[in-house]
Amino acid sequence: MEQTLFERYGGFSVVSRIVLDLYERLLDDDDVGPFFDDIDMARIVDHQTKFLSSLMGGPASYTEDQIRKMHARLDINDVHFDKLEAILRQTLSDHGVSQQDQDTIVGAFESRRSLVVEKAP
Amino acid sequence: MTIAAINEQLLRAIGVGVALLDLDSFRLRFCNDTFREWFGEIEIGGELLDLFAGFDADKLREGLDTEGRYTTETTFRLRRRTMTIAMSFNRALDDGEAIAVLVCQNISRIKELESMIDSYSMMVERNTREIKREKEQVEKLLLNMMPRSVYEEYKTFGVVTPRLYEPVSVVCIDFIGFAEMVSAHDPAVIVSELNDIYTAFDRIGEQFGCARIRAVGDLYIAVAGMPDPAEDHAQSAANAAIRFLRYLSQRNTSHQIQWTCRVGMASGSVVGSVVGVQKYIYDVFGPAVIHASRLRYHARPMKIVGNAALVEQLGSQFAISDAGTLALSEGEEEPAFAIEAEVRTLQDS
């Protein structure tokens, strides 16, 4: 059986390190950071680690509905989402994820943009 | 630079928050840069407890007075991050003055990792439970298809060696007018009826050590004497067969759809093996199965016909009558017997 990205890059231990680093960067970002002002980071890091793992073929899964609900109360626009993708890509790159695999992972985020970004009424 | 100066520089620069307090008033005497970074600017001489909301001063005092130390944790937000700091107070003496040394360690990351580990172990446990449940279902399914000993062999080695079982007794049943029944009734009704009947047969068979090996449409085949050899295989099979009929007669009295079966029985040998690679089944075939299957064609409604080998084994326990000879295979006539009922001995009645 073909190895998943999750297995290839070293499973939870590596993915959780990437996610912790990702949040360090997101929190320091003036556009995206404020979204986390009143958020329990432990929970969000946990969710994000599982989410990233699931995108990489790991043992977790999130339905579209769950993702939509998690972001429902947040006023996230395309600029924020673009910023997230840029920071994610840089973080993945710094952790040695290949260009092609970055495309796969960032592409998986991109395909869920409409679930997260608030549409103008 | 003097040693004292170096020490002070070190103390200021380390990634651990350090503060010295006056033991009586808890007023700050000194704090290093890390401490300030975490807890904000506090003036020397300021009250430490003002920094922390909900801090239990009495417990701190009690801890320092009795054991000379006190530990606690505090959580707050700093630059969008949840900080958890472990605080350790220790009583000390400085030139005869009672002071407390406060050492603070940033355990936010540890807390994050702890909660992550908790969450993952819960997920792993949930996944493990699911896998276990699925495994049990697969096992149940396979145990429906093959005897446990065969399943164990299959599980361990991935293959099953075909085996000759001899002697065993086979019971073969089908229903008269099944094709007409299928076209006359709703398919769901027929399936539900068959389920009902086969489940009852399975239970009866289980009681007598005569296990079903196949049920295809209206054909039901059960074998006694395998996979574990049993001396009384013929009795087991005959006991089961008689009760199959008894059950069916009983059922017909209270059900709208009437089922009439015929039963063929034979003792002899069979081969048991897993057949197929992808779509495998555990199959039992051989002379005894063929014999029983052919004999059932000659059975009258709700009657049992058996071969000579079976009847020899049965002895006087059953009411058996001669049913003449039958040509089961081309040109070969062989004796057949009607098995009526189990004869109750004086002891049983």
# chains A, B, ... in the order shown; residues from 1 in each chain; ligands from 1
call {"tool": "interface_residues", "arguments": {"of": "chain A", "to": "chain B", "cutoff": "7 Å", "atoms": "only C-alpha atoms", "output": "ChimeraX atom specification"}}
result
/A:27,36-37,41-42,46
call {"tool": "write_last_selection", "arguments": {"atoms": "N, CA and C atoms", "output": "JSON list (two decimals), in the first residue's frame"}}
result
[["chain", "number", "residue", "atom", "x", "y", "z"],
["A", 27, "LEU", "N", -0.15, 33.52, 15.61],
["A", 27, "LEU", "CA", -0.44, 34.41, 16.75],
["A", 27, "LEU", "C", 0.32, 35.72, 16.62],
["A", 36, "PHE", "N", -7.42, 34.75, 17.49],
["A", 36, "PHE", "CA", -7.12, 33.79, 18.56],
["A", 36, "PHE", "C", -7.07, 34.45, 19.93],
["A", 37, "ASP", "N", -7.47, 35.72, 19.98],
["A", 37, "ASP", "CA", -7.39, 36.46, 21.23],
["A", 37, "ASP", "C", -8.09, 35.75, 22.39],
["A", 41, "MET", "N", -6.01, 27.87, 23.25],
["A", 41, "MET", "CA", -5.04, 27.41, 22.25],
["A", 41, "MET", "C", -4.84, 25.90, 22.26],
["A", 42, "ALA", "N", -4.87, 25.32, 23.46],
["A", 42, "ALA", "CA", -4.63, 23.88, 23.54],
["A", 42, "ALA", "C", -5.65, 23.13, 22.67],
["A", 46, "ASP", "N", -4.93, 21.19, 19.14],
["A", 46, "ASP", "CA", -5.33, 19.79, 19.07],
["A", 46, "ASP", "C", -6.19, 19.53, 17.82]]
call {"tool": "residues_around", "arguments": {"residues": "range 24-29 of chain B", "least_positions_apart": "2", "cutoff": "10 Å", "atoms": "only C-alpha atoms", "output": "PDB file with N, CA, C and O atoms, in the first residue's frame"}}
result
ATOM      1  N   ALA B  19      12.197  35.712  41.479  1.00  0.00           N
ATOM      2  CA  ALA B  19      11.920  36.906  42.275  1.00  0.00           C
ATOM      3  C   ALA B  19      12.253  36.620  43.733  1.00  0.00           C
ATOM      4  O   ALA B  19      12.192  35.472  44.182  1.00  0.00           O
ATOM      5  N   LEU B  20      12.651  37.640  44.434  1.00  0.00           N
ATOM      6  CA  LEU B  20      12.886  37.515  45.875  1.00  0.00           C
ATOM      7  C   LEU B  20      11.827  38.345  46.588  1.00  0.00           C
ATOM      8  O   LEU B  20      11.541  39.475  46.185  1.00  0.00           O
ATOM      9  N   LEU B  21      11.232  37.761  47.636  1.00  0.00           N
ATOM     10  CA  LEU B  21      10.156  38.455  48.342  1.00  0.00           C
ATOM     11  C   LEU B  21      10.500  38.585  49.816  1.00  0.00           C
ATOM     12  O   LEU B  21      11.182  37.723  50.382  1.00  0.00           O
ATOM     13  N   ASP B  22       9.971  39.620  50.373  1.00  0.00           N
ATOM     14  CA  ASP B  22      10.071  39.750  51.809  1.00  0.00           C
ATOM     15  C   ASP B  22       9.057  38.774  52.412  1.00  0.00           C
ATOM     16  O   ASP B  22       7.880  38.787  52.040  1.00  0.00           O
ATOM     17  N   CYS B  31      13.400  41.074  41.006  1.00  0.00           N
ATOM     18  CA  CYS B  31      12.898  40.107  40.019  1.00  0.00           C
ATOM     19  C   CYS B  31      13.731  40.225  38.744  1.00  0.00           C
ATOM     20  O   CYS B  31      14.302  41.291  38.468  1.00  0.00           O
ATOM     21  N   ILE B  42       6.665  45.551  37.498  1.00  0.00           N
ATOM     22  CA  ILE B  42       6.239  45.666  38.897  1.00  0.00           C
ATOM     23  C   ILE B  42       7.380  46.368  39.637  1.00  0.00           C
ATOM     24  O   ILE B  42       8.560  46.041  39.437  1.00  0.00           O
ATOM     25  N   GLU B  43       7.000  47.298  40.411  1.00  0.00           N
ATOM     26  CA  GLU B  43       8.044  48.066  41.094  1.00  0.00           C
ATOM     27  C   GLU B  43       8.608  47.281  42.262  1.00  0.00           C
ATOM     28  O   GLU B  43       7.883  46.554  42.940  1.00  0.00           O
ATOM     29  N   ILE B  44       9.890  47.489  42.484  1.00  0.00           N
ATOM     30  CA  ILE B  44      10.501  46.880  43.660  1.00  0.00           C
ATOM     31  C   ILE B  44       9.822  47.493  44.883  1.00  0.00           C
ATOM     32  O   ILE B  44       9.650  48.711  44.966  1.00  0.00           O
ATOM     33  N   GLY B  45       9.434  46.637  45.789  1.00  0.00           N
ATOM     34  CA  GLY B  45       8.703  47.123  46.951  1.00  0.00           C
ATOM     35  C   GLY B  45       7.202  46.962  46.809  1.00  0.00           C
ATOM     36  O   GLY B  45       6.455  47.085  47.777  1.00  0.00           O
ATOM     37  N   GLY B  46       6.755  46.643  45.566  1.00  0.00           N
ATOM     38  CA  GLY B  46       5.316  46.437  45.318  1.00  0.00           C
ATOM     39  C   GLY B  46       4.860  45.097  45.896  1.00  0.00           C
ATOM     40  O   GLY B  46       5.675  44.181  46.099  1.00  0.00           O
ATOM     41  N   GLU B  47       3.583  44.978  46.149  1.00  0.00           N
ATOM     42  CA  GLU B  47       3.061  43.719  46.698  1.00  0.00           C
ATOM     43  C   GLU B  47       2.873  42.688  45.591  1.00  0.00           C
ATOM     44  O   GLU B  47       2.185  42.961  44.609  1.00  0.00           O
ATOM     45  N   LEU B  48       3.468  41.562  45.804  1.00  0.00           N
ATOM     46  CA  LEU B  48       3.410  40.521  44.784  1.00  0.00           C
ATOM     47  C   LEU B  48       1.966  40.055  44.528  1.00  0.00           C
ATOM     48  O   LEU B  48       1.564  39.827  43.395  1.00  0.00           O
ATOM     49  N   LEU B  49       1.222  39.944  45.614  1.00  0.00           N
ATOM     50  CA  LEU B  49      -0.116  39.375  45.487  1.00  0.00           C
ATOM     51  C   LEU B  49      -1.033  40.247  44.631  1.00  0.00           C
ATOM     52  O   LEU B  49      -2.032  39.767  44.109  1.00  0.00           O
ATOM     53  N   ASP B  50      -0.671  41.519  44.451  1.00  0.00           N
ATOM     54  CA  ASP B  50      -1.467  42.381  43.572  1.00  0.00           C
ATOM     55  C   ASP B  50      -1.411  41.908  42.125  1.00  0.00           C
ATOM     56  O   ASP B  50      -2.292  42.202  41.330  1.00  0.00           O
ATOM     57  N   ALA B  57      -3.349  33.585  49.510  1.00  0.00           N
ATOM     58  CA  ALA B  57      -2.242  34.056  50.348  1.00  0.00           C
ATOM     59  C   ALA B  57      -2.101  33.235  51.623  1.00  0.00           C
ATOM     60  O   ALA B  57      -0.989  32.986  52.093  1.00  0.00           O
ATOM     61  N   ARG B  61       1.197  31.322  52.889  1.00  0.00           N
ATOM     62  CA  ARG B  61       1.772  31.599  54.216  1.00  0.00           C
ATOM     63  C   ARG B  61       1.918  30.295  55.004  1.00  0.00           C
ATOM     64  O   ARG B  61       2.979  30.014  55.571  1.00  0.00           O
ATOM     65  N   GLU B  97      17.717  37.963  57.428  1.00  0.00           N
ATOM     66  CA  GLU B  97      16.362  38.424  57.096  1.00  0.00           C
ATOM     67  C   GLU B  97      15.599  37.297  56.406  1.00  0.00           C
ATOM     68  O   GLU B  97      16.148  36.631  55.545  1.00  0.00           O
ATOM     69  N   ALA B  98      14.363  37.135  56.800  1.00  0.00           N
ATOM     70  CA  ALA B  98      13.558  36.058  56.203  1.00  0.00           C
ATOM     71  C   ALA B  98      13.027  36.505  54.841  1.00  0.00           C
ATOM     72  O   ALA B  98      12.332  37.515  54.753  1.00  0.00           O
ATOM     73  N   ILE B  99      13.401  35.751  53.841  1.00  0.00           N
ATOM     74  CA  ILE B  99      12.892  36.057  52.501  1.00  0.00           C
ATOM     75  C   ILE B  99      12.325  34.784  51.866  1.00  0.00           C
ATOM     76  O   ILE B  99      12.534  33.675  52.373  1.00  0.00           O
ATOM     77  N   ALA B 100      11.598  34.958  50.771  1.00  0.00           N
ATOM     78  CA  ALA B 100      11.132  33.803  50.005  1.00  0.00           C
ATOM     79  C   ALA B 100      11.657  33.939  48.578  1.00  0.00           C
ATOM     80  O   ALA B 100      11.638  35.032  48.009  1.00  0.00           O
ATOM     81  N   VAL B 101      12.162  32.833  48.062  1.00  0.00           N
ATOM     82  CA  VAL B 101      12.636  32.827  46.675  1.00  0.00           C
ATOM     83  C   VAL B 101      11.506  32.252  45.822  1.00  0.00           C
ATOM     84  O   VAL B 101      11.009  31.160  46.092  1.00  0.00           O
TER      85      VAL B 101
END
call {"tool": "residues_around", "arguments": {"residues": "Val168 in chain B", "least_positions_apart": "3", "cutoff": "7 Å", "atoms": "only C-alpha atoms", "output": "list in words"}}
result
Tyr165, Val223, Ala224, Gly225, Met226, His233, Ser267, Gly268 and Ser269 of chain B
call {"tool": "write_last_selection", "arguments": {"atoms": "N, CA, C and O atoms", "output": "mmCIF file, in the first residue's frame"}}
result
data_model
loop_
_atom_site.group_PDB
_atom_site.id
_atom_site.type_symbol
_atom_site.label_atom_id
_atom_site.label_comp_id
_atom_site.auth_asym_id
_atom_site.auth_seq_id
_atom_site.Cartn_x
_atom_site.Cartn_y
_atom_site.Cartn_z
ATOM 1 N N TYR B 165 -12.846 -36.018 6.450
ATOM 2 C CA TYR B 165 -13.496 -36.361 7.719
ATOM 3 C C TYR B 165 -14.270 -37.657 7.507
ATOM 4 O O TYR B 165 -15.145 -37.736 6.644
ATOM 5 N N VAL B 223 -23.964 -31.234 9.112
ATOM 6 C CA VAL B 223 -23.106 -32.411 9.286
ATOM 7 C C VAL B 223 -22.812 -32.637 10.759
ATOM 8 O O VAL B 223 -22.558 -31.687 11.502
ATOM 9 N N ALA B 224 -22.821 -33.901 11.166
ATOM 10 C CA ALA B 224 -22.397 -34.280 12.512
ATOM 11 C C ALA B 224 -21.118 -35.096 12.404
ATOM 12 O O ALA B 224 -20.975 -35.885 11.479
ATOM 13 N N GLY B 225 -20.186 -34.855 13.326
ATOM 14 C CA GLY B 225 -18.943 -35.646 13.329
ATOM 15 C C GLY B 225 -17.763 -34.890 12.757
ATOM 16 O O GLY B 225 -16.715 -35.483 12.499
ATOM 17 N N MET B 226 -17.905 -33.608 12.549
ATOM 18 C CA MET B 226 -16.781 -32.796 12.119
ATOM 19 C C MET B 226 -16.969 -31.378 12.638
ATOM 20 O O MET B 226 -18.102 -30.985 12.893
ATOM 21 N N HIS B 233 -22.040 -39.773 15.712
ATOM 22 C CA HIS B 233 -22.416 -38.817 14.653
ATOM 23 C C HIS B 233 -23.767 -39.158 14.035
ATOM 24 O O HIS B 233 -24.584 -38.269 13.770
ATOM 25 N N SER B 267 -24.364 -41.584 6.010
ATOM 26 C CA SER B 267 -23.072 -41.585 6.708
ATOM 27 C C SER B 267 -22.009 -41.928 5.683
ATOM 28 O O SER B 267 -22.265 -42.657 4.721
ATOM 29 N N GLY B 268 -20.827 -41.428 5.888
ATOM 30 C CA GLY B 268 -19.724 -41.682 4.955
ATOM 31 C C GLY B 268 -18.643 -40.666 5.188
ATOM 32 O O GLY B 268 -18.476 -40.169 6.302
ATOM 33 N N SER B 269 -17.928 -40.343 4.126
ATOM 34 C CA SER B 269 -16.822 -39.401 4.279
ATOM 35 C C SER B 269 -17.137 -38.098 3.565
ATOM 36 O O SER B 269 -17.935 -38.059 2.625
#
call {"tool": "residues_around", "arguments": {"residues": "Ile44 in chain A", "least_positions_apart": "4", "cutoff": "10 Å", "atoms": "only C-alpha atoms", "output": "list of chain:residue names"}}
result
A:Val19, A:Tyr23, A:Phe36, A:Ile39, A:Asp40, A:Gln48, A:Thr49, A:Lys50, B:Met116
call {"tool": "select_by_dssp", "arguments": {"residues": "chain A", "states": "alpha helix (DSSP H)", "output": "CSV table (one decimal) with N, CA and C atoms, in the first residue's frame"}}
result
chain,number,residue,atom,x,y,z
A,5,LEU,N,1.0,10.8,3.2
A,5,LEU,CA,1.9,11.9,3.6
A,5,LEU,C,2.2,11.8,5.1
A,6,PHE,N,1.1,11.5,5.8
A,6,PHE,CA,1.1,11.5,7.3
A,6,PHE,C,2.2,10.5,7.8
A,7,GLU,N,2.2,9.3,7.1
A,7,GLU,CA,3.2,8.3,7.5
A,7,GLU,C,4.6,8.7,7.1
A,8,ARG,N,4.7,9.2,5.8
A,8,ARG,CA,6.0,9.6,5.2
A,8,ARG,C,6.7,10.7,6.0
A,11,GLY,N,4.3,11.0,11.1
A,11,GLY,CA,3.1,10.8,12.0
A,11,GLY,C,2.8,12.0,12.9
A,12,PHE,N,2.1,11.7,14.0
A,12,PHE,CA,1.6,12.8,14.9
A,12,PHE,C,2.8,13.6,15.4
A,13,SER,N,3.9,13.0,15.8
A,13,SER,CA,4.9,13.8,16.5
A,13,SER,C,5.4,14.9,15.6
A,14,VAL,N,5.5,14.6,14.3
A,14,VAL,CA,6.0,15.6,13.4
A,14,VAL,C,4.9,16.6,13.1
A,15,VAL,N,3.7,16.1,12.8
A,15,VAL,CA,2.6,17.0,12.5
A,15,VAL,C,2.3,17.9,13.6
A,16,SER,N,2.3,17.4,14.9
A,16,SER,CA,2.0,18.3,16.0
A,16,SER,C,3.1,19.4,16.1
A,17,ARG,N,4.3,19.1,15.8
A,17,ARG,CA,5.4,20.1,15.8
A,17,ARG,C,5.2,21.2,14.8
A,18,ILE,N,4.7,20.7,13.6
A,18,ILE,CA,4.4,21.7,12.5
A,18,ILE,C,3.3,22.6,13.0
A,19,VAL,N,2.3,22.0,13.6
A,19,VAL,CA,1.1,22.8,14.0
A,19,VAL,C,1.5,23.8,15.1
A,20,LEU,N,2.2,23.3,16.1
A,20,LEU,CA,2.6,24.3,17.2
A,20,LEU,C,3.4,25.4,16.6
A,21,ASP,N,4.3,25.1,15.7
A,21,ASP,CA,5.1,26.2,15.0
A,21,ASP,C,4.2,27.1,14.2
A,22,LEU,N,3.2,26.5,13.5
A,22,LEU,CA,2.3,27.3,12.7
A,22,LEU,C,1.5,28.3,13.6
A,23,TYR,N,1.1,27.8,14.7
A,23,TYR,CA,0.3,28.8,15.6
A,23,TYR,C,1.2,29.8,16.2
A,24,GLU,N,2.5,29.5,16.5
A,24,GLU,CA,3.4,30.6,16.9
A,24,GLU,C,3.4,31.7,15.9
A,25,ARG,N,3.4,31.3,14.6
A,25,ARG,CA,3.5,32.3,13.6
A,25,ARG,C,2.2,33.0,13.4
A,26,LEU,N,1.1,32.3,13.5
A,26,LEU,CA,-0.3,32.9,13.3
A,26,LEU,C,-0.6,33.9,14.4
A,27,LEU,N,-0.2,33.5,15.6
A,27,LEU,CA,-0.4,34.4,16.7
A,27,LEU,C,0.3,35.7,16.6
A,28,ASP,N,1.5,35.7,16.0
A,28,ASP,CA,2.3,36.9,15.9
A,28,ASP,C,1.9,37.7,14.7
A,41,MET,N,-6.0,27.9,23.2
A,41,MET,CA,-5.0,27.4,22.2
A,41,MET,C,-4.8,25.9,22.3
A,42,ALA,N,-4.9,25.3,23.5
A,42,ALA,CA,-4.6,23.9,23.5
A,42,ALA,C,-5.6,23.1,22.7
A,43,ARG,N,-6.9,23.6,22.8
A,43,ARG,CA,-7.9,22.9,22.0
A,43,ARG,C,-7.8,23.1,20.5
A,44,ILE,N,-7.4,24.4,20.2
A,44,ILE,CA,-7.4,24.6,18.7
A,44,ILE,C,-6.1,23.9,18.1
A,45,VAL,N,-5.1,23.9,18.8
A,45,VAL,CA,-3.9,23.2,18.3
A,45,VAL,C,-4.2,21.7,18.2
A,46,ASP,N,-4.9,21.2,19.1
A,46,ASP,CA,-5.3,19.8,19.1
A,46,ASP,C,-6.2,19.5,17.8
A,47,HIS,N,-7.2,20.4,17.6
A,47,HIS,CA,-8.1,20.2,16.4
A,47,HIS,C,-7.2,20.4,15.1
A,48,GLN,N,-6.4,21.4,15.1
A,48,GLN,CA,-5.6,21.6,13.9
A,48,GLN,C,-4.7,20.5,13.6
A,49,THR,N,-4.1,19.9,14.7
A,49,THR,CA,-3.2,18.8,14.4
A,49,THR,C,-4.0,17.6,13.8
A,50,LYS,N,-5.1,17.4,14.4
A,50,LYS,CA,-6.0,16.3,13.8
A,50,LYS,C,-6.4,16.6,12.4
A,51,PHE,N,-6.7,17.9,12.2
A,51,PHE,CA,-7.2,18.2,10.9
A,51,PHE,C,-6.1,18.1,9.8
A,52,LEU,N,-4.9,18.6,10.2
A,52,LEU,CA,-3.8,18.5,9.3
A,52,LEU,C,-3.4,17.0,9.0
A,53,SER,N,-3.5,16.3,10.1
A,53,SER,CA,-3.3,14.8,10.0
A,53,SER,C,-4.2,14.2,9.0
A,54,SER,N,-5.5,14.6,9.1
A,54,SER,CA,-6.5,14.0,8.2
A,54,SER,C,-6.3,14.4,6.8
A,55,LEU,N,-5.8,15.6,6.6
A,55,LEU,CA,-5.5,16.0,5.2
A,55,LEU,C,-4.3,15.2,4.6
A,64,GLU,N,-17.4,18.4,6.6
A,64,GLU,CA,-17.5,19.8,6.1
A,64,GLU,C,-18.3,20.6,7.1
A,65,ASP,N,-19.3,19.9,7.6
A,65,ASP,CA,-20.2,20.6,8.5
A,65,ASP,C,-19.5,21.0,9.8
A,66,GLN,N,-18.7,20.1,10.3
A,66,GLN,CA,-17.9,20.4,11.5
A,66,GLN,C,-17.0,21.7,11.3
A,67,ILE,N,-16.4,21.7,10.1
A,67,ILE,CA,-15.5,22.8,9.8
A,67,ILE,C,-16.3,24.1,9.8
A,68,ARG,N,-17.4,24.0,9.1
A,68,ARG,CA,-18.3,25.2,8.9
A,68,ARG,C,-18.7,25.7,10.3
A,69,LYS,N,-19.1,24.8,11.2
A,69,LYS,CA,-19.6,25.2,12.5
A,69,LYS,C,-18.5,25.9,13.3
A,70,MET,N,-17.3,25.3,13.2
A,70,MET,CA,-16.2,25.8,14.0
A,70,MET,C,-15.8,27.3,13.7
A,71,HIS,N,-16.1,27.6,12.4
A,71,HIS,CA,-15.7,29.0,12.0
A,71,HIS,C,-16.9,29.9,11.8
A,78,ASP,N,-11.3,36.7,2.7
A,78,ASP,CA,-10.3,36.1,1.8
A,78,ASP,C,-8.8,36.5,2.2
A,79,VAL,N,-8.7,37.7,2.6
A,79,VAL,CA,-7.3,38.2,3.0
A,79,VAL,C,-6.8,37.3,4.1
A,80,HIS,N,-7.6,37.1,5.1
A,80,HIS,CA,-7.2,36.2,6.2
A,80,HIS,C,-6.8,34.8,5.8
A,81,PHE,N,-7.7,34.3,4.9
A,81,PHE,CA,-7.4,32.9,4.4
A,81,PHE,C,-6.2,32.9,3.6
A,82,ASP,N,-5.9,33.9,2.8
A,82,ASP,CA,-4.7,33.9,2.0
A,82,ASP,C,-3.5,33.9,2.9
A,83,LYS,N,-3.6,34.7,3.9
A,83,LYS,CA,-2.5,34.9,4.9
A,83,LYS,C,-2.2,33.5,5.5
A,84,LEU,N,-3.3,32.9,6.0
A,84,LEU,CA,-3.1,31.6,6.6
A,84,LEU,C,-2.4,30.6,5.6
A,85,GLU,N,-2.8,30.6,4.4
A,85,GLU,CA,-2.2,29.7,3.4
A,85,GLU,C,-0.7,30.0,3.2
A,86,ALA,N,-0.4,31.3,3.2
A,86,ALA,CA,1.0,31.7,3.0
A,86,ALA,C,1.8,31.3,4.2
A,87,ILE,N,1.3,31.5,5.4
A,87,ILE,CA,2.1,31.1,6.6
A,87,ILE,C,2.2,29.6,6.7
A,88,LEU,N,1.1,28.9,6.4
A,88,LEU,CA,1.1,27.5,6.4
A,88,LEU,C,2.2,26.9,5.4
A,89,ARG,N,2.2,27.5,4.2
A,89,ARG,CA,3.2,27.1,3.2
A,89,ARG,C,4.6,27.3,3.7
A,90,GLN,N,4.8,28.4,4.3
A,90,GLN,CA,6.2,28.7,4.8
A,90,GLN,C,6.6,27.8,5.9
A,91,THR,N,5.6,27.5,6.8
A,91,THR,CA,5.9,26.6,7.9
A,91,THR,C,6.2,25.2,7.4
A,92,LEU,N,5.4,24.7,6.5
A,92,LEU,CA,5.6,23.4,5.9
A,92,LEU,C,7.0,23.3,5.3
A,93,SER,N,7.3,24.4,4.6
A,93,SER,CA,8.6,24.4,3.9
A,93,SER,C,9.7,24.4,4.9
A,94,ASP,N,9.6,25.2,6.0
A,94,ASP,CA,10.6,25.2,7.0
A,94,ASP,C,10.8,23.9,7.7
A,99,GLN,N,7.9,20.7,-2.0
A,99,GLN,CA,7.0,21.7,-2.7
A,99,GLN,C,5.7,21.0,-3.2
A,100,GLN,N,5.9,19.8,-3.7
A,100,GLN,CA,4.7,19.1,-4.2
A,100,GLN,C,3.7,18.7,-3.1
A,101,ASP,N,4.3,18.3,-2.0
A,101,ASP,CA,3.4,18.0,-0.8
A,101,ASP,C,2.8,19.2,-0.2
A,102,GLN,N,3.6,20.3,-0.2
A,102,GLN,CA,3.0,21.6,0.2
A,102,GLN,C,1.8,21.9,-0.6
A,103,ASP,N,1.9,21.8,-2.0
A,103,ASP,CA,0.8,22.1,-2.9
A,103,ASP,C,-0.4,21.2,-2.5
A,104,THR,N,-0.2,19.9,-2.2
A,104,THR,CA,-1.3,19.0,-1.8
A,104,THR,C,-2.0,19.5,-0.6
A,105,ILE,N,-1.2,19.8,0.4
A,105,ILE,CA,-1.7,20.2,1.7
A,105,ILE,C,-2.4,21.5,1.7
A,106,VAL,N,-1.7,22.5,1.1
A,106,VAL,CA,-2.3,23.9,1.0
A,106,VAL,C,-3.6,23.8,0.1
A,107,GLY,N,-3.5,23.0,-1.0
A,107,GLY,CA,-4.6,22.8,-1.9
A,107,GLY,C,-5.8,22.2,-1.1
A,108,ALA,N,-5.6,21.3,-0.2
A,108,ALA,CA,-6.7,20.7,0.6
A,108,ALA,C,-7.3,21.8,1.5
A,109,PHE,N,-6.5,22.7,2.0
A,109,PHE,CA,-7.1,23.9,2.8
A,109,PHE,C,-7.9,24.7,1.8
A,110,GLU,N,-7.3,25.0,0.7
A,110,GLU,CA,-8.0,25.9,-0.3
A,110,GLU,C,-9.4,25.4,-0.7
A,113,ARG,N,-12.0,26.5,1.6
A,113,ARG,CA,-12.1,28.0,1.8
A,113,ARG,C,-13.5,28.4,2.0
A,114,SER,N,-14.4,27.9,1.1
A,114,SER,CA,-15.8,28.4,1.2
A,114,SER,C,-16.5,28.0,2.5
A,115,LEU,N,-16.0,27.0,3.2
A,115,LEU,CA,-16.6,26.6,4.5
A,115,LEU,C,-16.2,27.6,5.6
A,116,VAL,N,-15.1,28.3,5.4
A,116,VAL,CA,-14.6,29.1,6.5
A,116,VAL,C,-14.7,30.6,6.3
call {"tool": "closest_residue", "arguments": {"among": "B:Ala237, B:Arg262, B:Ala299, B:Ser121", "to": "Leu314 in chain B", "atoms": "only C-alpha atoms"}}
result
B:Ala237
call {"tool": "residues_around", "arguments": {"residues": "range 4-15 of chain B", "least_positions_apart": "6", "cutoff": "8 Å", "atoms": "only C-alpha atoms", "output": "list in words"}}
result
Cys31, Asn32, Asp33 and Thr34 of chain B
call {"tool": "residues_around", "arguments": {"residues": "range 326-331 of chain B", "least_positions_apart": "4", "cutoff": "7 Å", "atoms": "only C-alpha atoms", "output": "list in words"}}
result
Arg294, Pro335 and Ala336 of chain B
call {"tool": "residues_around", "arguments": {"residues": "Gln3 in chain A", "least_positions_apart": "6", "cutoff": "12 Å", "atoms": "only C-alpha atoms", "output": "list in words"}}
result
Tyr9, Gly10, Gly11, Met56, Gly57 and Gly58 of chain A
call {"tool": "write_last_selection", "arguments": {"atoms": "all heavy atoms", "output": "JSON list (two decimals), in the first residue's frame"}}
result
[["chain", "number", "residue", "atom", "x", "y", "z"],
["A", 9, "TYR", "N", 5.94, 11.63, 6.58],
["A", 9, "TYR", "CA", 6.61, 12.70, 7.31],
["A", 9, "TYR", "C", 6.77, 12.42, 8.81],
["A", 9, "TYR", "O", 7.27, 13.25, 9.55],
["A", 9, "TYR", "CB", 5.89, 14.03, 7.09],
["A", 9, "TYR", "CG", 6.21, 14.61, 5.72],
["A", 9, "TYR", "CD1", 5.30, 14.53, 4.68],
["A", 9, "TYR", "CD2", 7.45, 15.18, 5.47],
["A", 9, "TYR", "CE1", 5.62, 15.02, 3.42],
["A", 9, "TYR", "CE2", 7.78, 15.68, 4.22],
["A", 9, "TYR", "CZ", 6.85, 15.60, 3.20],
["A", 9, "TYR", "OH", 7.17, 16.08, 1.97],
["A", 10, "GLY", "N", 6.33, 11.26, 9.26],
["A", 10, "GLY", "CA", 6.65, 10.89, 10.64],
["A", 10, "GLY", "C", 5.49, 10.94, 11.62],
["A", 10, "GLY", "O", 5.71, 11.00, 12.83],
["A", 11, "GLY", "N", 4.25, 10.96, 11.10],
["A", 11, "GLY", "CA", 3.09, 10.80, 11.99],
["A", 11, "GLY", "C", 2.83, 11.99, 12.89],
["A", 11, "GLY", "O", 3.28, 13.11, 12.64],
["A", 56, "MET", "N", -3.46, 14.78, 5.52],
["A", 56, "MET", "CA", -2.27, 14.04, 5.08],
["A", 56, "MET", "C", -2.52, 12.53, 5.09],
["A", 56, "MET", "O", -1.60, 11.74, 4.95],
["A", 56, "MET", "CB", -1.09, 14.39, 5.99],
["A", 56, "MET", "CG", -0.68, 15.86, 5.86],
["A", 56, "MET", "SD", 0.50, 16.38, 7.14],
["A", 56, "MET", "CE", 2.02, 15.61, 6.54],
["A", 57, "GLY", "N", -3.76, 12.15, 5.29],
["A", 57, "GLY", "CA", -4.10, 10.73, 5.23],
["A", 57, "GLY", "C", -3.95, 10.03, 6.57],
["A", 57, "GLY", "O", -3.86, 8.80, 6.63],
["A", 58, "GLY", "N", -3.91, 10.80, 7.65],
["A", 58, "GLY", "CA", -3.74, 10.21, 8.99],
["A", 58, "GLY", "C", -5.06, 9.80, 9.61],
["A", 58, "GLY", "O", -6.11, 9.97, 9.00]]
call {"tool": "select_by_dssp", "arguments": {"residues": "range 15-92 of chain B", "states": "strand (DSSP E or B)", "output": "MDAnalysis selection string"}}
result
chainID B and resid 17:22 27:31 47 69:78 81:92
